[in-house]
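Next comes structure-v8.csv, with CSV, C-alpha atoms.
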```csv
chain,number,residue,atom,x,y,z
A,1,MET,CA,85.7,148.1,129.8
A,2,ASP,CA,88.6,149.5,127.9
A,3,ARG,CA,88.7,150.6,124.3
A,4,LEU,CA,91.7,149.0,122.5
A,5,SER,CA,94.3,150.6,120.4
A,6,ASN,CA,95.8,147.8,118.2
A,7,THR,CA,98.9,147.3,116.1
A,8,VAL,CA,98.7,146.4,112.4
A,9,ARG,CA,101.5,144.1,111.3
A,10,PRO,CA,102.9,144.9,107.8
A,11,TYR,CA,103.9,141.3,106.7
A,12,ALA,CA,104.7,141.1,103.0
A,13,TRP,CA,101.8,138.8,102.2
A,14,GLY,CA,99.2,141.3,103.5
A,15,SER,CA,96.6,143.0,101.5
A,16,THR,CA,97.2,146.7,100.8
A,17,THR,CA,93.5,147.5,100.9
A,18,ALA,CA,91.3,145.1,103.0
A,19,ILE,CA,92.1,146.3,106.5
A,20,PRO,CA,91.9,150.0,105.5
A,21,GLU,CA,88.5,149.4,103.8
A,22,LEU,CA,87.2,147.7,107.0
A,23,LEU,CA,88.6,150.6,109.2
A,24,GLY,CA,87.5,153.3,106.8
A,25,THR,CA,91.0,154.7,106.5
A,26,ALA,CA,93.1,155.5,103.4
A,27,PRO,CA,95.5,152.8,102.2
A,28,THR,CA,99.1,153.6,102.6
A,29,GLY,CA,100.2,151.5,99.7
A,30,GLU,CA,102.0,149.1,102.1
A,31,PRO,CA,100.8,145.7,103.0
A,32,GLN,CA,98.6,145.5,106.1
A,33,ALA,CA,98.4,141.8,107.1
A,34,GLU,CA,97.2,141.4,110.6
A,35,MET,CA,95.7,143.6,113.4
A,36,TRP,CA,96.4,142.1,116.8
A,37,MET,CA,94.0,142.3,119.7
A,38,GLY,CA,95.2,141.0,123.0
A,39,ALA,CA,98.2,140.8,125.3
A,40,HIS,CA,100.8,139.1,123.1
A,41,PRO,CA,104.2,140.5,124.1
A,42,GLY,CA,105.2,141.1,120.5
A,43,ALA,CA,102.4,143.7,120.0
A,44,PRO,CA,100.1,144.1,123.0
A,45,SER,CA,96.9,146.2,122.6
A,46,ARG,CA,97.0,149.4,124.5
A,47,ILE,CA,94.4,151.0,126.7
A,48,ASN,CA,93.7,154.4,128.3
A,49,ARG,CA,92.0,153.4,131.6
A,50,ALA,CA,91.8,156.3,134.0
A,51,THR,CA,94.0,154.5,136.5
A,52,THR,CA,96.8,153.8,134.0
A,53,PRO,CA,99.3,155.9,132.0
A,54,LEU,CA,98.2,156.8,128.4
A,55,ASP,CA,98.7,154.0,125.9
A,56,HIS,CA,99.2,151.4,128.7
A,57,PRO,CA,99.9,147.9,127.3
A,58,LEU,CA,97.1,145.5,128.1
A,59,SER,CA,99.8,142.9,129.0
A,60,ASP,CA,101.1,145.2,131.8
A,61,LEU,CA,97.6,145.8,133.1
A,62,ILE,CA,96.9,142.1,133.3
A,63,ALA,CA,100.3,141.4,134.9
A,64,THR,CA,99.6,144.0,137.7
A,65,ASP,CA,96.5,142.1,138.9
A,66,PRO,CA,95.7,138.9,136.9
A,67,GLU,CA,92.7,137.8,138.9
A,68,ALA,CA,91.0,141.2,138.7
A,69,GLU,CA,91.4,141.3,134.9
A,70,LEU,CA,91.1,137.6,133.9
A,71,GLY,CA,89.1,136.2,136.8
A,72,ALA,CA,90.3,133.5,139.3
A,73,PRO,CA,89.1,130.5,137.2
A,74,THR,CA,91.0,131.7,134.1
A,75,VAL,CA,94.2,132.3,136.1
A,76,LYS,CA,93.9,128.9,137.8
A,77,LYS,CA,93.5,127.1,134.5
A,78,PHE,CA,95.8,129.0,132.2
A,79,GLY,CA,98.1,131.0,134.5
A,80,PRO,CA,98.3,134.9,134.8
A,81,ARG,CA,98.0,135.7,131.1
A,82,LEU,CA,95.4,136.1,128.5
A,83,PRO,CA,95.2,132.6,126.8
A,84,PHE,CA,94.3,133.8,123.3
A,85,LEU,CA,95.2,136.3,120.6
A,86,LEU,CA,92.5,137.7,118.4
A,87,LYS,CA,93.3,139.1,114.9
A,88,ILE,CA,91.9,140.6,111.8
A,89,LEU,CA,93.8,138.8,109.0
A,90,ALA,CA,94.0,140.1,105.5
A,91,ALA,CA,95.8,137.9,103.0
A,92,GLY,CA,96.6,139.5,99.7
A,93,ALA,CA,99.2,136.8,98.8
A,94,PRO,CA,99.7,133.2,100.0
A,95,LEU,CA,101.0,132.7,103.6
A,96,SER,CA,103.6,130.0,104.3
A,97,LEU,CA,102.6,126.4,104.3
A,98,GLN,CA,102.8,125.4,107.9
A,99,VAL,CA,101.7,123.1,110.8
A,100,HIS,CA,101.5,123.6,114.6
A,101,PRO,CA,102.6,121.1,117.3
A,102,ASN,CA,100.3,119.6,119.9
A,103,LEU,CA,100.9,120.6,123.6
A,104,ALA,CA,103.2,117.7,124.4
A,105,GLN,CA,105.3,118.3,121.3
A,106,ALA,CA,105.6,122.0,122.1
A,107,LYS,CA,106.7,121.4,125.6
A,108,GLU,CA,109.2,118.7,124.5
A,109,GLY,CA,110.6,120.9,121.7
A,110,TYR,CA,110.8,124.0,123.7
A,111,GLU,CA,112.7,122.3,126.6
A,112,ALA,CA,115.1,120.6,124.2
A,113,GLU,CA,116.0,123.9,122.4
A,114,GLU,CA,116.4,125.6,125.8
A,115,ARG,CA,118.8,122.8,126.9
A,116,GLN,CA,120.7,123.2,123.6
A,117,GLY,CA,121.0,127.0,124.2
A,118,VAL,CA,119.3,128.0,121.0
A,119,PRO,CA,118.6,131.7,121.2
A,120,ILE,CA,114.9,132.4,121.4
A,121,ASP,CA,115.2,134.8,118.4
A,122,ALA,CA,117.4,132.5,116.3
A,123,PRO,CA,116.0,132.1,112.7
A,124,HIS,CA,116.4,128.3,113.0
A,125,ARG,CA,114.6,128.0,116.3
A,126,ASN,CA,111.3,126.0,116.0
A,127,TYR,CA,109.7,126.4,119.5
A,128,LYS,CA,109.4,130.0,120.8
A,129,ASP,CA,107.3,128.8,123.8
A,130,ALA,CA,105.9,125.6,125.4
A,131,ASN,CA,102.4,126.1,124.2
A,132,HIS,CA,100.3,124.6,121.4
A,133,LYS,CA,98.7,126.9,118.8
A,134,PRO,CA,95.3,125.7,117.6
A,135,GLU,CA,93.5,128.4,115.6
A,136,LEU,CA,90.2,129.3,114.0
A,137,ILE,CA,89.7,131.6,111.0
A,138,CYS,CA,86.2,133.1,110.3
A,139,ALA,CA,85.7,134.6,106.9
A,140,LEU,CA,84.5,138.2,106.5
A,141,THR,CA,84.9,138.0,102.7
A,142,PRO,CA,85.2,134.9,100.4
A,143,PHE,CA,88.4,133.3,101.8
A,144,ASP,CA,90.6,130.8,100.0
A,145,GLY,CA,93.0,128.4,101.7
A,146,LEU,CA,94.5,124.9,101.8
A,147,CYS,CA,94.0,122.6,104.7
A,148,GLY,CA,94.7,118.9,105.5
A,149,PHE,CA,95.9,116.2,103.2
A,150,ARG,CA,93.6,115.2,100.3
A,151,ASP,CA,93.0,111.5,99.7
A,152,PRO,CA,96.3,110.1,98.1
A,153,ALA,CA,94.5,108.6,95.1
A,154,GLU,CA,92.8,111.9,94.3
A,155,THR,CA,96.2,113.7,94.6
A,156,ALA,CA,97.8,111.1,92.4
A,157,ASP,CA,95.2,111.8,89.7
A,158,LEU,CA,95.7,115.6,90.1
A,159,LEU,CA,99.5,115.3,89.7
A,160,ALA,CA,99.2,112.8,86.8
A,161,ARG,CA,97.0,115.2,84.8
A,162,LEU,CA,99.8,117.8,84.9
A,163,ASP,CA,101.9,115.3,82.8
A,164,VAL,CA,105.2,116.4,84.2
A,165,ASP,CA,107.8,113.7,84.1
A,166,SER,CA,109.5,114.6,87.5
A,167,LEU,CA,106.1,114.3,89.2
A,168,LYS,CA,105.5,110.7,88.1
A,169,PRO,CA,107.5,109.1,91.0
A,170,TYR,CA,105.2,110.9,93.4
A,171,VAL,CA,102.2,109.6,91.5
A,172,ASP,CA,103.5,106.0,91.8
A,173,LEU,CA,104.2,106.4,95.5
A,174,LEU,CA,100.7,107.8,96.2
A,175,HIS,CA,99.1,104.8,94.4
A,176,ALA,CA,101.4,102.1,95.8
A,177,HIS,CA,101.5,102.6,99.5
A,178,PRO,CA,99.1,102.8,102.4
A,179,GLU,CA,97.8,106.3,103.1
A,180,GLU,CA,100.1,107.3,105.9
A,181,ALA,CA,103.3,105.9,104.3
A,182,ALA,CA,102.4,107.4,100.9
A,183,LEU,CA,101.8,110.9,102.3
A,184,ARG,CA,105.0,110.8,104.5
A,185,GLU,CA,107.2,109.5,101.6
A,186,VAL,CA,106.0,112.0,99.1
A,187,LEU,CA,106.2,115.1,101.4
A,188,THR,CA,109.7,113.9,102.5
A,189,ALA,CA,110.8,113.5,98.9
A,190,VAL,CA,109.5,116.9,97.9
A,191,LEU,CA,111.1,118.7,100.8
A,192,THR,CA,114.5,116.9,100.5
A,193,ALA,CA,114.8,117.0,96.7
A,194,ASP,CA,117.8,118.6,95.0
A,195,PRO,CA,117.0,122.3,94.9
A,196,ASP,CA,117.8,122.7,91.3
A,197,GLU,CA,115.8,119.7,90.2
A,198,MET,CA,112.9,120.8,92.4
A,199,SER,CA,113.0,124.3,90.9
A,200,HIS,CA,112.7,122.8,87.5
A,201,THR,CA,109.8,120.6,88.7
A,202,VAL,CA,108.0,123.6,90.1
A,203,HIS,CA,108.5,125.6,86.9
A,204,SER,CA,107.2,122.8,84.7
A,205,SER,CA,104.3,122.1,87.0
A,206,ALA,CA,103.3,125.8,87.1
A,207,GLU,CA,103.3,126.0,83.3
A,208,ALA,CA,101.1,123.0,83.1
A,209,ALA,CA,98.8,124.3,85.9
A,210,ALA,CA,98.4,127.6,84.0
A,211,ARG,CA,97.5,125.8,80.8
A,212,LEU,CA,94.9,123.6,82.6
A,213,GLY,CA,93.4,126.4,84.7
A,214,GLY,CA,90.4,125.7,86.8
A,215,GLU,CA,91.3,123.8,89.9
A,216,TYR,CA,95.0,124.1,89.0
A,217,SER,CA,95.0,127.9,89.0
A,218,PRO,CA,96.0,128.3,92.7
A,219,TYR,CA,99.2,126.3,92.0
A,220,ALA,CA,100.2,128.5,89.1
A,221,SER,CA,99.7,131.5,91.4
A,222,LEU,CA,101.8,129.9,94.2
A,223,ALA,CA,104.6,129.4,91.8
A,224,HIS,CA,104.4,133.0,90.7
A,225,HIS,CA,104.8,134.2,94.4
A,226,TYR,CA,107.3,131.5,95.3
A,227,PRO,CA,109.2,130.5,92.2
A,228,GLY,CA,111.1,127.2,92.6
A,229,ASP,CA,109.8,126.7,96.2
A,230,PRO,CA,109.1,123.0,97.0
A,231,GLY,CA,106.1,124.2,98.9
A,232,VAL,CA,104.3,124.6,95.6
A,233,ILE,CA,104.4,120.8,95.1
A,234,ALA,CA,103.6,120.2,98.8
A,235,ALA,CA,100.6,122.4,98.5
A,236,MET,CA,99.2,120.0,95.8
A,237,LEU,CA,98.8,117.3,98.5
A,238,LEU,CA,96.3,119.4,100.4
A,239,ASN,CA,92.6,120.1,100.2
A,240,ARG,CA,91.5,123.5,98.8
A,241,VAL,CA,89.0,125.3,101.0
A,242,GLN,CA,86.9,128.2,99.9
A,243,LEU,CA,85.0,129.8,102.8
A,244,GLN,CA,82.0,132.0,102.4
A,245,PRO,CA,81.5,135.0,104.7
A,246,GLY,CA,80.4,133.7,108.1
A,247,GLU,CA,82.0,130.3,107.7
A,248,GLY,CA,85.0,129.3,109.9
A,249,LEU,CA,87.9,126.8,109.6
A,250,PHE,CA,89.4,125.2,112.7
A,251,LEU,CA,93.0,124.1,112.5
A,252,GLY,CA,94.2,121.6,115.1
A,253,ALA,CA,97.7,120.2,115.8
A,254,GLY,CA,99.5,118.5,113.0
A,255,VAL,CA,97.3,119.7,110.2
A,256,PRO,CA,99.3,121.3,107.3
A,257,HIS,CA,97.6,124.5,106.0
A,258,ALA,CA,98.1,127.8,104.2
A,259,TYR,CA,95.9,130.8,103.7
A,260,LEU,CA,95.8,132.1,100.1
A,261,ASN,CA,93.5,135.1,99.9
A,262,GLY,CA,90.8,136.9,101.9
A,263,LEU,CA,89.8,138.8,105.0
A,264,GLY,CA,88.8,137.1,108.2
A,265,VAL,CA,88.7,137.2,112.0
A,266,GLU,CA,91.3,134.8,113.5
A,267,ILE,CA,91.7,133.5,117.0
A,268,MET,CA,94.4,131.3,118.4
A,269,ALA,CA,96.0,130.1,121.5
A,270,ASN,CA,98.7,132.5,122.6
A,271,SER,CA,101.8,130.8,121.0
A,272,ASP,CA,104.3,131.5,118.3
A,273,ASN,CA,105.1,127.9,117.5
A,274,VAL,CA,105.1,127.2,113.7
A,275,LEU,CA,106.8,124.4,111.7
A,276,ARG,CA,107.0,125.5,108.1
A,277,CYS,CA,106.6,123.2,105.0
A,278,GLY,CA,107.4,125.8,102.3
A,279,LEU,CA,106.2,128.9,100.5
A,280,THR,CA,108.6,130.9,102.6
A,281,PRO,CA,112.2,132.1,102.7
A,282,LYS,CA,112.3,131.2,106.4
A,283,HIS,CA,113.9,128.1,107.9
A,284,VAL,CA,112.2,124.7,107.2
A,285,ASP,CA,113.3,122.0,109.6
A,286,VAL,CA,112.3,118.9,107.7
A,287,PRO,CA,113.0,116.2,110.5
A,288,GLU,CA,111.1,118.2,113.1
A,289,LEU,CA,108.3,118.9,110.7
A,290,LEU,CA,107.9,115.2,109.9
A,291,HIS,CA,107.7,114.6,113.6
A,292,VAL,CA,104.8,117.0,114.0
A,293,VAL,CA,102.7,116.5,110.9
A,294,ARG,CA,99.7,114.1,111.0
A,295,PHE,CA,99.9,112.0,107.9
A,296,GLU,CA,96.3,111.2,107.3
A,297,ALA,CA,93.7,112.4,104.8
A,298,THR,CA,91.2,114.6,106.5
A,299,GLU,CA,88.2,116.7,105.5
A,300,PRO,CA,88.7,120.4,106.4
A,301,ALA,CA,86.9,121.3,109.7
A,302,VAL,CA,84.6,124.0,108.2
A,303,LEU,CA,82.3,125.4,110.8
A,304,ARG,CA,79.0,127.3,110.6
A,305,PRO,CA,78.0,129.2,113.7
A,306,GLU,CA,75.4,127.6,115.9
A,307,ALA,CA,72.7,130.0,117.1
A,308,SER,CA,71.3,130.2,120.6
A,309,PRO,CA,68.1,131.7,121.9
A,310,ALA,CA,70.1,134.5,123.4
A,311,GLY,CA,71.3,135.6,120.0
A,312,GLU,CA,74.8,134.3,120.3
A,313,GLU,CA,76.2,132.4,117.2
A,314,LEU,CA,79.0,130.1,118.5
A,315,TYR,CA,81.9,128.6,116.5
A,316,ASP,CA,82.2,125.4,118.4
A,317,THR,CA,85.8,124.0,118.7
A,318,PRO,CA,87.4,121.5,121.1
A,319,ILE,CA,89.7,124.1,122.6
A,320,ASP,CA,89.5,125.8,126.0
A,321,GLU,CA,92.0,128.6,125.4
A,322,PHE,CA,89.5,130.4,123.2
A,323,ARG,CA,85.8,130.6,122.5
A,324,LEU,CA,84.7,132.6,119.6
A,325,SER,CA,81.1,133.7,118.8
A,326,ARG,CA,79.3,136.5,117.0
A,327,TYR,CA,76.2,138.7,117.6
A,328,THR,CA,74.2,140.2,114.7
A,329,LEU,CA,72.3,143.1,116.0
A,330,ALA,CA,69.2,144.1,114.0
A,331,PRO,CA,67.5,147.5,114.3
A,332,GLY,CA,65.2,147.5,117.3
A,333,ALA,CA,66.6,144.3,118.8
A,334,ALA,CA,66.7,143.8,122.5
A,335,PRO,CA,70.0,144.4,124.3
A,336,ARG,CA,72.3,141.4,124.4
A,337,GLU,CA,73.7,140.6,127.9
A,338,LEU,CA,77.3,139.4,127.7
A,339,THR,CA,78.5,139.6,131.3
A,340,ALA,CA,80.9,136.7,132.0
A,341,ALA,CA,83.3,135.4,134.7
A,342,THR,CA,86.0,135.3,132.1
A,343,PRO,CA,87.9,138.0,130.2
A,344,GLN,CA,86.4,139.1,126.8
A,345,ILE,CA,87.5,141.0,123.7
A,346,LEU,CA,84.6,142.4,121.6
A,347,LEU,CA,85.3,143.3,118.0
A,348,CYS,CA,83.0,145.1,115.7
A,349,THR,CA,83.1,144.1,112.0
A,350,GLU,CA,80.0,145.9,110.7
A,351,GLY,CA,77.5,148.6,111.7
A,352,THR,CA,77.4,150.9,114.7
A,353,PRO,CA,76.9,148.9,117.9
A,354,ARG,CA,77.5,150.0,121.5
A,355,ALA,CA,79.3,148.1,124.2
A,356,ASN,CA,77.9,149.6,127.4
A,357,ASP,CA,78.6,153.3,126.8
A,358,LEU,CA,81.3,152.9,124.1
A,359,ASP,CA,80.4,153.4,120.5
A,360,LEU,CA,82.1,150.9,118.1
A,361,ALA,CA,82.8,151.1,114.4
A,362,PRO,CA,84.1,148.4,112.1
A,363,GLY,CA,87.6,147.3,113.3
A,364,GLY,CA,86.9,148.8,116.8
A,365,SER,CA,87.4,146.6,119.8
A,366,VAL,CA,87.2,146.6,123.6
A,367,PHE,CA,88.6,144.6,126.5
A,368,VAL,CA,86.2,143.5,129.2
A,369,PRO,CA,87.6,142.4,132.5
A,370,ALA,CA,86.1,139.3,134.0
A,371,GLY,CA,82.8,139.9,135.8
A,372,GLU,CA,82.2,143.4,134.4
A,373,LYS,CA,78.6,143.9,133.5
A,374,THR,CA,78.4,144.0,129.7
A,375,GLU,CA,75.6,144.8,127.3
A,376,LEU,CA,75.5,145.2,123.5
A,377,THR,CA,73.0,147.5,121.8
A,378,GLY,CA,72.6,149.3,118.5
A,379,THR,CA,73.0,147.6,115.1
A,380,GLY,CA,75.8,145.7,113.5
A,381,THR,CA,78.0,142.6,113.9
A,382,VAL,CA,80.2,141.9,116.9
A,383,PHE,CA,82.6,139.0,117.5
A,384,ARG,CA,83.1,137.9,121.1
A,385,ALA,CA,86.3,136.2,122.1
A,386,THR,CA,86.7,134.7,125.5
A,387,VAL,CA,87.9,131.4,127.2
A,388,ILE,CA,86.4,128.3,128.7
A,389,ALA,CA,87.6,128.2,132.3
```
Written as structure tokens, how would this file's structure read?
Amino acid sequence: MDRLSNTVRPYAWGSTTAIPELLGTAPTGEPQAEMWMGAHPGAPSRINRATTPLDHPLSDLIATDPEAELGAPTVKKFGPRLPFLLKILAAGAPLSLQVHPNLAQAKEGYEAEERQGVPIDAPHRNYKDANHKPELICALTPFDGLCGFRDPAETADLLARLDVDSLKPYVDLLHAHPEEAALREVLTAVLTADPDEMSHTVHSSAEAAARLGGEYSPYASLAHHYPGDPGVIAAMLLNRVQLQPGEGLFLGAGVPHAYLNGLGVEIMANSDNVLRCGLTPKHVDVPELLHVVRFEATEPAVLRPEASPAGEELYDTPIDEFRLSRYTLAPGAAPRELTAATPQILLCTEGTPRANDLDLAPGGSVFVPAGEKTELTGTGTVFRATVIA
């Protein structure tokens, strides 16, 4: 078992205070958006195992002997790499509106861009790898987001109440067409509109949203952060989701979403594939986006952990690349046995638990190689990330 040293990513949308408050450190005044735990090549966790150099990347340790670290079943199913990335995510401002491809789309898109010779770091590149990117966010604080298309008739009513002339064609489309066609036509129209005309629409809509308040308040806020961005109007097509601490939100392929505010534990398949729909200065590839998006009204997949007699609370998802659960350790509780044939990362979010002989504090984490005897004691809350192999 190895204590992890993790990198905090300073993306502009990050909260300046949430991660420091969790870690018990002083804020720097700069945004601290995500703390990464895992073996992602962009920012692998580091360990200090006795047999390795100081601050040895976890990715290098796994590459040296994948079966010893991940277990033979994991390597056979996913290859010689850790299949997931675990994060603490702290949104102080809205993230980009985005969608992830399914596995077939990711493979097809990656291979096509490789054949075209698009550099892997090119700003217009869509597919950085050949993997899909399902993800799960579990709220540590009240967490606000957008997820999946709202019923078109409900969206039409929401847009109509803004009473903005340039929104009326979208209202008509949402009322006049079958669901899939309506959503596709409106999103396409929003993202391909003349930039100056769309900027005016966003400005007028934001003013109306500010006057109306209530359910419209998030859209006024989006326009404040992203003035003139067509993603502000695209966001109005989506369900608003407000998670309470302990609740999770699963995001599968093709589901447009954005996180607005809050602190959470996030886990995802180890991929960088993102198609953006707006709320960003980055590249938006509208044709490819329309190929990936699922144009159907869906209820957000909000999850509540399912408790087992062994004290594990599981966030059940249809994904094998990751399995996320949590343990709430009360004073005097019996030790929790966590030994598994798969690799694990344990993350403390509250209290003073112990993983074997290692003390944990909020924000502290450890990597557990496959098959290593593992026991939790003490008090607090620990998230357990592993795979289904």
For region 366-379 of chain A, work out the shell of residues within 9 Å, counting all atoms listed in the file and skipping chain neighbours fewer than 5 positions away, then give it as a PDB file with C-alpha atoms, in the frame of the given file.
```pdb
ATOM      1  CA  MET A   1      85.700 148.100 129.800  1.00  0.00           C
ATOM      2  CA  ASP A   2      88.600 149.500 127.900  1.00  0.00           C
ATOM      3  CA  ARG A   3      88.700 150.600 124.300  1.00  0.00           C
ATOM      4  CA  LEU A   4      91.700 149.000 122.500  1.00  0.00           C
ATOM      5  CA  SER A   5      94.300 150.600 120.400  1.00  0.00           C
ATOM      6  CA  MET A  37      94.000 142.300 119.700  1.00  0.00           C
ATOM      7  CA  GLY A  38      95.200 141.000 123.000  1.00  0.00           C
ATOM      8  CA  ILE A  47      94.400 151.000 126.700  1.00  0.00           C
ATOM      9  CA  LEU A  58      97.100 145.500 128.100  1.00  0.00           C
ATOM     10  CA  GLU A  67      92.700 137.800 138.900  1.00  0.00           C
ATOM     11  CA  ALA A  68      91.000 141.200 138.700  1.00  0.00           C
ATOM     12  CA  GLU A  69      91.400 141.300 134.900  1.00  0.00           C
ATOM     13  CA  LEU A  70      91.100 137.600 133.900  1.00  0.00           C
ATOM     14  CA  GLY A  71      89.100 136.200 136.800  1.00  0.00           C
ATOM     15  CA  ALA A  72      90.300 133.500 139.300  1.00  0.00           C
ATOM     16  CA  TYR A 327      76.200 138.700 117.600  1.00  0.00           C
ATOM     17  CA  THR A 328      74.200 140.200 114.700  1.00  0.00           C
ATOM     18  CA  LEU A 329      72.300 143.100 116.000  1.00  0.00           C
ATOM     19  CA  ALA A 330      69.200 144.100 114.000  1.00  0.00           C
ATOM     20  CA  PRO A 331      67.500 147.500 114.300  1.00  0.00           C
ATOM     21  CA  GLY A 332      65.200 147.500 117.300  1.00  0.00           C
ATOM     22  CA  ALA A 333      66.600 144.300 118.800  1.00  0.00           C
ATOM     23  CA  ALA A 334      66.700 143.800 122.500  1.00  0.00           C
ATOM     24  CA  PRO A 335      70.000 144.400 124.300  1.00  0.00           C
ATOM     25  CA  ARG A 336      72.300 141.400 124.400  1.00  0.00           C
ATOM     26  CA  GLU A 337      73.700 140.600 127.900  1.00  0.00           C
ATOM     27  CA  LEU A 338      77.300 139.400 127.700  1.00  0.00           C
ATOM     28  CA  THR A 339      78.500 139.600 131.300  1.00  0.00           C
ATOM     29  CA  ALA A 340      80.900 136.700 132.000  1.00  0.00           C
ATOM     30  CA  ALA A 341      83.300 135.400 134.700  1.00  0.00           C
ATOM     31  CA  THR A 342      86.000 135.300 132.100  1.00  0.00           C
ATOM     32  CA  PRO A 343      87.900 138.000 130.200  1.00  0.00           C
ATOM     33  CA  GLN A 344      86.400 139.100 126.800  1.00  0.00           C
ATOM     34  CA  ILE A 345      87.500 141.000 123.700  1.00  0.00           C
ATOM     35  CA  LEU A 346      84.600 142.400 121.600  1.00  0.00           C
ATOM     36  CA  LEU A 347      85.300 143.300 118.000  1.00  0.00           C
ATOM     37  CA  GLU A 350      80.000 145.900 110.700  1.00  0.00           C
ATOM     38  CA  GLY A 351      77.500 148.600 111.700  1.00  0.00           C
ATOM     39  CA  THR A 352      77.400 150.900 114.700  1.00  0.00           C
ATOM     40  CA  PRO A 353      76.900 148.900 117.900  1.00  0.00           C
ATOM     41  CA  ARG A 354      77.500 150.000 121.500  1.00  0.00           C
ATOM     42  CA  ALA A 355      79.300 148.100 124.200  1.00  0.00           C
ATOM     43  CA  ASN A 356      77.900 149.600 127.400  1.00  0.00           C
ATOM     44  CA  LEU A 358      81.300 152.900 124.100  1.00  0.00           C
ATOM     45  CA  LEU A 360      82.100 150.900 118.100  1.00  0.00           C
TER      46      LEU A 360
END
```
Using only C-alpha atoms, tabulate the residues of region 215-274 of chain A lying at most 8 Å from any atom of region 296-318 of chain A, each with its closest atom pair and that distance in Å to one decimal, by chain and increasing residue number, as CSV.
```
residue,atom,partner,partner_atom,distance
A:Asn239,CA,A:Pro300,CA,7.3
A:Val241,CA,A:Pro300,CA,7.3
A:Leu243,CA,A:Val302,CA,7.9
A:Gly246,CA,A:Arg304,CA,7.0
A:Glu247,CA,A:Arg304,CA,5.1
A:Gly248,CA,A:Leu303,CA,4.8
A:Leu249,CA,A:Val302,CA,4.5
A:Phe250,CA,A:Ala301,CA,5.5
A:Leu251,CA,A:Ala301,CA,7.3
```
Pick from A:Gly363, A:Pro256, A:Gly14, A:Pro66, whichever lies nearest to Ala90 (chain A) using only C-alpha atoms:
A:Gly14
Would you mind listing what lies within 8 Å of Arg240 (chain A) as a ChimeraX atom specification, with only C-alpha atoms counted and same-chain residues fewer than 2 positions away left out?
/A:144-147,238,242
Place a sphere of radius 12 Å on (98.1, 154.6, 124.3) in the file coordinates and name every protein, DNA or RNA residue with an atom inside or on its surface, counting only C-alpha atoms; give the answer as a VMD selection string.
chain A and resid 2 to 7 44 to 50 52 to 58
I need the residues from that last selection saved to file as a compact mmCIF listing (two decimals), in the coordinates of the input (with C-alpha atoms), if you can.
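Final file, part_1.txt:
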```
# COMPACT_ATOMS: atom_id res chain seq x y z
CA ASP A 2 88.60 149.50 127.90
CA ARG A 3 88.70 150.60 124.30
CA LEU A 4 91.70 149.00 122.50
CA SER A 5 94.30 150.60 120.40
CA ASN A 6 95.80 147.80 118.20
CA THR A 7 98.90 147.30 116.10
CA PRO A 44 100.10 144.10 123.00
CA SER A 45 96.90 146.20 122.60
CA ARG A 46 97.00 149.40 124.50
CA ILE A 47 94.40 151.00 126.70
CA ASN A 48 93.70 154.40 128.30
CA ARG A 49 92.00 153.40 131.60
CA ALA A 50 91.80 156.30 134.00
CA THR A 52 96.80 153.80 134.00
CA PRO A 53 99.30 155.90 132.00
CA LEU A 54 98.20 156.80 128.40
CA ASP A 55 98.70 154.00 125.90
CA HIS A 56 99.20 151.40 128.70
CA PRO A 57 99.90 147.90 127.30
CA LEU A 58 97.10 145.50 128.10
```
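Non-sequential neighbours of region 203-212 of chain A (distance at most 10 Å, separation of 6 or more positions within a chain, only C-alpha atoms) are Leu159, Arg161, Leu162, Asp163, Val164, Asp165, Ser166, Leu167, Glu197, Pro218, Tyr219, Ala220, Ser221, Leu222, Ala223, His224, Pro227, Gly228, Asp229, Val232 and Ile233 of chain A.
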Residue with smallest distance to Ala106 (chain A) - pool A:Thr155, A:Asn126, A:Ser59, A:Thr188, counting only C-alpha atoms
A:Asn126
Select all residues near (78.7, 137.8, 103.5) (cut-off 8 Å, inclusive, file coordinates), counting only C-alpha atoms, and output them as number ranges by chain.
A: 140-142, 244-246
When you draw a straight line from CA of Gly42 (chain A) to CA of Leu260 (chain A), how long is it in Å?
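If I compute the distance from CA of Gly42 (chain A) to CA of Leu260 (chain A), I get 24.2 Å.
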Taking only C-alpha atoms into account, produce a table as CSV in which each residue of region 240-358 of chain A with an atom at most 9 Å from an atom of region 15-28 of chain A appears once, together with its shortest atom pair and the distance in Å to one decimal, ordered by chain and rising number.
```
residue,atom,partner,partner_atom,distance
A:Asn261,CA,A:Ser15,CA,8.6
A:Gly262,CA,A:Ala18,CA,8.3
A:Leu263,CA,A:Ala18,CA,6.8
A:Thr349,CA,A:Leu22,CA,7.4
A:Glu350,CA,A:Leu22,CA,8.3
```
With distances taken over only C-alpha atoms, which residue among A:Pro83, A:Gly109, A:Pro152, A:Gly92 lies nearest Glu34 (chain A)?
A:Gly92
Output as an mmCIF file, in the frame of the given file: region 336-340 of chain A, completed with N, CA and C atoms.
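Once written, result_23.cif looks like this:
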```
data_model
loop_
_atom_site.group_PDB
_atom_site.id
_atom_site.type_symbol
_atom_site.label_atom_id
_atom_site.label_comp_id
_atom_site.auth_asym_id
_atom_site.auth_seq_id
_atom_site.Cartn_x
_atom_site.Cartn_y
_atom_site.Cartn_z
ATOM 1 N N ARG A 336 71.754 142.739 124.220
ATOM 2 C CA ARG A 336 72.300 141.400 124.400
ATOM 3 C C ARG A 336 73.219 141.482 125.687
ATOM 4 N N GLU A 337 72.931 140.611 126.642
ATOM 5 C CA GLU A 337 73.700 140.600 127.900
ATOM 6 C C GLU A 337 74.888 139.645 127.732
ATOM 7 N N LEU A 338 76.109 140.186 127.940
ATOM 8 C CA LEU A 338 77.300 139.400 127.700
ATOM 9 C C LEU A 338 78.194 139.280 128.958
ATOM 10 N N THR A 339 77.684 139.650 130.111
ATOM 11 C CA THR A 339 78.500 139.600 131.300
ATOM 12 C C THR A 339 78.985 138.138 131.539
ATOM 13 N N ALA A 340 80.283 138.014 131.873
ATOM 14 C CA ALA A 340 80.900 136.700 132.000
ATOM 15 C C ALA A 340 81.938 136.704 133.109
#
```
